[in-house]
Every structure is written in structure tokens, then in C-alpha cells.
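**Q** Provided herewith: work-v7.cif, mmCIF, N, CA and C atoms.
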data_final
#
loop_
_atom_site.label_atom_id
_atom_site.label_comp_id
_atom_site.auth_asym_id
_atom_site.auth_seq_id
_atom_site.Cartn_x
_atom_site.Cartn_y
_atom_site.Cartn_z
N GLN F 1 -25.86 -0.88 7.69
CA GLN F 1 -25.52 -1.90 6.70
C GLN F 1 -24.51 -2.87 7.28
N ALA F 2 -24.61 -4.10 6.86
CA ALA F 2 -23.62 -5.10 7.26
C ALA F 2 -22.30 -4.78 6.57
N CYS F 3 -21.21 -4.97 7.30
CA CYS F 3 -19.88 -4.63 6.79
C CYS F 3 -19.49 -5.41 5.54
N ASP F 4 -20.01 -6.60 5.38
CA ASP F 4 -19.59 -7.45 4.27
C ASP F 4 -20.48 -7.36 3.04
N ASP F 5 -21.49 -6.50 3.07
CA ASP F 5 -22.42 -6.43 1.93
C ASP F 5 -21.72 -6.08 0.63
N PHE F 6 -20.85 -5.07 0.65
CA PHE F 6 -20.16 -4.69 -0.59
C PHE F 6 -19.21 -5.80 -1.04
N TYR F 7 -18.49 -6.41 -0.09
CA TYR F 7 -17.57 -7.48 -0.45
C TYR F 7 -18.33 -8.63 -1.12
N GLU F 8 -19.46 -8.99 -0.56
CA GLU F 8 -20.27 -10.07 -1.15
C GLU F 8 -20.75 -9.70 -2.55
N ALA F 9 -21.17 -8.45 -2.74
CA ALA F 9 -21.61 -7.99 -4.05
C ALA F 9 -20.45 -8.00 -5.04
N LEU F 10 -19.26 -7.62 -4.57
CA LEU F 10 -18.08 -7.62 -5.42
C LEU F 10 -17.72 -9.03 -5.87
N ILE F 11 -17.75 -9.96 -4.94
CA ILE F 11 -17.47 -11.36 -5.27
C ILE F 11 -18.49 -11.87 -6.27
N ALA F 12 -19.77 -11.57 -6.04
CA ALA F 12 -20.82 -12.02 -6.95
C ALA F 12 -20.64 -11.43 -8.35
N ALA F 13 -20.19 -10.18 -8.43
CA ALA F 13 -19.98 -9.53 -9.72
C ALA F 13 -18.87 -10.21 -10.53
N HIS F 14 -17.96 -10.88 -9.85
CA HIS F 14 -16.85 -11.56 -10.53
C HIS F 14 -17.20 -12.98 -10.96
N GLN F 15 -18.31 -13.50 -10.48
CA GLN F 15 -18.68 -14.87 -10.83
C GLN F 15 -18.80 -15.03 -12.34
N GLY F 16 -18.19 -16.08 -12.86
CA GLY F 16 -18.27 -16.39 -14.28
C GLY F 16 -17.30 -15.62 -15.16
N LEU F 17 -16.52 -14.72 -14.58
CA LEU F 17 -15.54 -13.97 -15.37
C LEU F 17 -14.23 -14.73 -15.45
N SER F 18 -13.55 -14.60 -16.57
CA SER F 18 -12.19 -15.13 -16.68
C SER F 18 -11.28 -14.24 -15.86
N THR F 19 -10.05 -14.68 -15.63
CA THR F 19 -9.10 -13.86 -14.89
C THR F 19 -8.88 -12.50 -15.56
N PRO F 20 -8.64 -12.45 -16.88
CA PRO F 20 -8.48 -11.14 -17.52
C PRO F 20 -9.74 -10.27 -17.41
N GLU F 21 -10.92 -10.87 -17.54
CA GLU F 21 -12.16 -10.11 -17.39
C GLU F 21 -12.31 -9.59 -15.97
N SER F 22 -11.92 -10.39 -14.99
CA SER F 22 -11.99 -9.99 -13.59
C SER F 22 -11.06 -8.81 -13.31
N HIS F 23 -9.85 -8.88 -13.84
CA HIS F 23 -8.90 -7.78 -13.66
C HIS F 23 -9.40 -6.51 -14.35
N ALA F 24 -9.98 -6.66 -15.54
CA ALA F 24 -10.50 -5.50 -16.26
C ALA F 24 -11.67 -4.88 -15.50
N MET F 25 -12.53 -5.70 -14.92
CA MET F 25 -13.64 -5.17 -14.14
C MET F 25 -13.13 -4.43 -12.92
N ASN F 26 -12.13 -4.98 -12.24
CA ASN F 26 -11.54 -4.30 -11.09
C ASN F 26 -10.96 -2.95 -11.49
N ALA F 27 -10.28 -2.91 -12.62
CA ALA F 27 -9.68 -1.65 -13.08
C ALA F 27 -10.77 -0.61 -13.36
N ARG F 28 -11.85 -1.04 -14.02
CA ARG F 28 -12.95 -0.10 -14.29
C ARG F 28 -13.59 0.37 -12.99
N LEU F 29 -13.76 -0.55 -12.04
CA LEU F 29 -14.36 -0.19 -10.76
C LEU F 29 -13.50 0.81 -10.01
N VAL F 30 -12.19 0.61 -10.01
CA VAL F 30 -11.28 1.55 -9.35
C VAL F 30 -11.43 2.94 -9.96
N LEU F 31 -11.45 3.02 -11.28
CA LEU F 31 -11.57 4.32 -11.94
C LEU F 31 -12.92 4.97 -11.66
N LEU F 32 -13.98 4.19 -11.66
CA LEU F 32 -15.30 4.73 -11.35
C LEU F 32 -15.37 5.26 -9.92
N LEU F 33 -14.85 4.48 -8.97
CA LEU F 33 -14.87 4.92 -7.58
C LEU F 33 -13.96 6.13 -7.36
N ALA F 34 -12.81 6.16 -8.03
CA ALA F 34 -11.92 7.31 -7.91
C ALA F 34 -12.60 8.56 -8.45
N ASN F 35 -13.30 8.42 -9.55
CA ASN F 35 -14.03 9.55 -10.11
C ASN F 35 -15.12 10.02 -9.15
N HIS F 36 -15.77 9.08 -8.50
CA HIS F 36 -16.83 9.41 -7.55
C HIS F 36 -16.27 10.10 -6.31
N ILE F 37 -15.14 9.61 -5.82
CA ILE F 37 -14.52 10.21 -4.63
C ILE F 37 -14.00 11.60 -4.96
N GLY F 38 -13.18 11.69 -6.01
CA GLY F 38 -12.76 12.98 -6.52
C GLY F 38 -11.68 13.72 -5.74
N ASP F 39 -11.52 13.48 -4.48
CA ASP F 39 -10.55 14.22 -3.66
C ASP F 39 -9.17 13.61 -3.81
N GLN F 40 -8.23 14.38 -4.36
CA GLN F 40 -6.88 13.87 -4.65
C GLN F 40 -6.16 13.36 -3.41
N ALA F 41 -6.26 14.05 -2.29
CA ALA F 41 -5.57 13.61 -1.07
C ALA F 41 -6.13 12.27 -0.59
N THR F 42 -7.44 12.11 -0.65
CA THR F 42 -8.06 10.85 -0.25
C THR F 42 -7.62 9.72 -1.18
N LEU F 43 -7.57 10.00 -2.47
CA LEU F 43 -7.15 8.98 -3.44
C LEU F 43 -5.68 8.61 -3.25
N GLN F 44 -4.82 9.59 -3.00
CA GLN F 44 -3.40 9.30 -2.76
C GLN F 44 -3.23 8.43 -1.51
N HIS F 45 -3.98 8.76 -0.48
CA HIS F 45 -3.91 7.98 0.75
C HIS F 45 -4.39 6.55 0.51
N ALA F 46 -5.46 6.39 -0.25
CA ALA F 46 -5.96 5.06 -0.58
C ALA F 46 -4.93 4.26 -1.37
N LEU F 47 -4.24 4.92 -2.30
CA LEU F 47 -3.19 4.23 -3.06
C LEU F 47 -2.07 3.74 -2.13
N GLN F 48 -1.69 4.59 -1.19
CA GLN F 48 -0.64 4.21 -0.24
C GLN F 48 -1.09 3.04 0.62
N LEU F 49 -2.32 3.09 1.09
CA LEU F 49 -2.83 2.00 1.92
C LEU F 49 -2.94 0.70 1.12
N ALA F 50 -3.42 0.79 -0.11
CA ALA F 50 -3.56 -0.40 -0.95
C ALA F 50 -2.20 -1.02 -1.26
N ARG F 51 -1.21 -0.18 -1.39
CA ARG F 51 0.14 -0.67 -1.66
C ARG F 51 0.79 -1.25 -0.42
N GLY F 52 0.23 -0.94 0.73
CA GLY F 52 0.74 -1.50 1.97
C GLY F 52 1.74 -0.60 2.66
N SER F 53 1.77 0.66 2.27
CA SER F 53 2.70 1.57 2.90
C SER F 53 2.11 2.97 2.91
N ALA F 54 2.62 3.77 3.79
CA ALA F 54 2.21 5.17 3.84
C ALA F 54 3.43 6.05 3.66
N VAL F 55 4.42 5.54 2.93
CA VAL F 55 5.65 6.30 2.71
C VAL F 55 5.44 7.29 1.58
N PRO F 56 6.14 8.40 1.60
CA PRO F 56 6.03 9.38 0.52
C PRO F 56 6.39 8.77 -0.83
N THR F 57 5.84 9.33 -1.89
CA THR F 57 6.05 8.82 -3.25
C THR F 57 7.52 8.66 -3.58
N ALA F 58 8.36 9.60 -3.21
CA ALA F 58 9.79 9.56 -3.54
C ALA F 58 10.48 8.36 -2.91
N ASP F 59 9.96 7.86 -1.79
CA ASP F 59 10.59 6.74 -1.10
C ASP F 59 10.02 5.38 -1.49
N ARG F 60 9.05 5.33 -2.37
CA ARG F 60 8.40 4.07 -2.71
C ARG F 60 9.31 3.09 -3.42
N ARG F 61 10.31 3.59 -4.14
CA ARG F 61 11.18 2.67 -4.88
C ARG F 61 11.92 1.72 -3.95
N THR F 62 12.04 2.05 -2.67
CA THR F 62 12.72 1.17 -1.72
C THR F 62 11.72 0.36 -0.89
N THR F 63 10.42 0.59 -1.10
CA THR F 63 9.39 -0.13 -0.36
C THR F 63 8.86 -1.27 -1.24
N PRO F 64 8.89 -2.50 -0.76
CA PRO F 64 8.41 -3.61 -1.59
C PRO F 64 6.92 -3.50 -1.84
N ALA F 65 6.53 -3.84 -3.05
CA ALA F 65 5.11 -3.82 -3.41
C ALA F 65 4.43 -5.08 -2.90
N ILE F 66 3.14 -5.00 -2.72
CA ILE F 66 2.35 -6.17 -2.35
C ILE F 66 2.11 -6.97 -3.62
N THR F 67 2.31 -8.28 -3.56
CA THR F 67 2.08 -9.13 -4.71
C THR F 67 0.59 -9.32 -4.91
N PRO F 68 0.06 -8.97 -6.11
CA PRO F 68 -1.37 -9.16 -6.35
C PRO F 68 -1.73 -10.64 -6.28
N VAL F 69 -2.91 -10.92 -5.78
CA VAL F 69 -3.40 -12.28 -5.67
C VAL F 69 -4.70 -12.38 -6.45
N VAL F 70 -4.80 -13.41 -7.28
CA VAL F 70 -6.04 -13.62 -8.03
C VAL F 70 -7.08 -14.16 -7.06
N PRO F 71 -8.27 -13.52 -7.01
CA PRO F 71 -9.32 -14.03 -6.12
C PRO F 71 -9.65 -15.48 -6.45
N THR F 72 -9.91 -16.27 -5.44
CA THR F 72 -10.17 -17.69 -5.67
C THR F 72 -11.41 -17.92 -6.52
N HIS F 73 -12.36 -17.00 -6.47
CA HIS F 73 -13.57 -17.16 -7.29
C HIS F 73 -13.29 -16.97 -8.77
N ALA F 74 -12.17 -16.32 -9.11
CA ALA F 74 -11.85 -16.05 -10.51
C ALA F 74 -11.06 -17.19 -11.14
N VAL F 75 -10.63 -18.15 -10.32
CA VAL F 75 -9.85 -19.28 -10.83
C VAL F 75 -10.82 -20.31 -11.38
N ALA F 76 -10.57 -20.74 -12.60
CA ALA F 76 -11.45 -21.74 -13.23
C ALA F 76 -11.40 -23.04 -12.44
N ALA F 77 -12.56 -23.61 -12.26
CA ALA F 77 -12.65 -24.86 -11.49
C ALA F 77 -12.33 -26.05 -12.35
#
Transcribe the structure of this file into C-alpha cells.
**A**
Amino acid sequence: QACDDFYEALIAAHQGLSTPESHAMNARLVLLLANHIGDQATLQHALQLARGSAVPTADRRTTPAITPVVPTHAVAA
């Protein structure tokens, strides 16, 4: 499979959605994929990577969070 197939499908799925609808779809997708993966260690590692750090949970309060960015396709033209 081409590496960008899922990304392209994800972008297409957001077409025509408002920003709140886009965020809600992302939240549902995260929960569905987490349920599908099921392995707690894998999910914890993914959370750390998505946050931009691999520091233990107790040390996260001193690690700056990544600022969420609204996808350009979700911005009304």
C-alpha cells in the first residue's frame, strides 16, 4: 500500500465538515482505533508520541504540550 493512502482518505473524510464536526470525527476515530488496537502499552506509547514526548506520566506537567492545529481543509473558504 502507498504510505499516504490513509492520510488521503482521512483528509477526504473531513471535506465539508465544520471545525467542530471535524474535531468530533477525529475524537470518534481515535476511540474506534484505540478500541481496535486494545493493547494498553501500545496506546500509552501512542499518546506519548502524539503529545511529542516519551516522558513518564508523572513528569508530563513540566513537558510543554503540542498546540493543536486545525487542518487547512477544515477551515471555511
**Q** For range 15-31 of chain F, take all atoms listed in the file, fit an axis-aligned box around them, add 6 Å to each of the six sides, then output centre and edge lengths in Å rounded to one decimal, as AutoDock Vina command-line options.
**A**
--center_x -13.6 --center_y -5.7 --center_z -13.4 --size_x 22.3 --size_y 33.4 --size_z 20.2
**Q** One decimal, in Å: what's the spacing between atom N of Thr42 in chain F and CA of His23 in chain F?
**A**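 A separation of 23.8 Å between them.
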**Q** What is the distance between atom N of Asn26 in chain F and atom C of Ala13 in chain F, in Å to one decimal?
**A** 8.7 Å
**Q** Any idea what the distance is between CA of Leu43 in chain F and CA of Glu8 in chain F?
**A** 23.2 Å
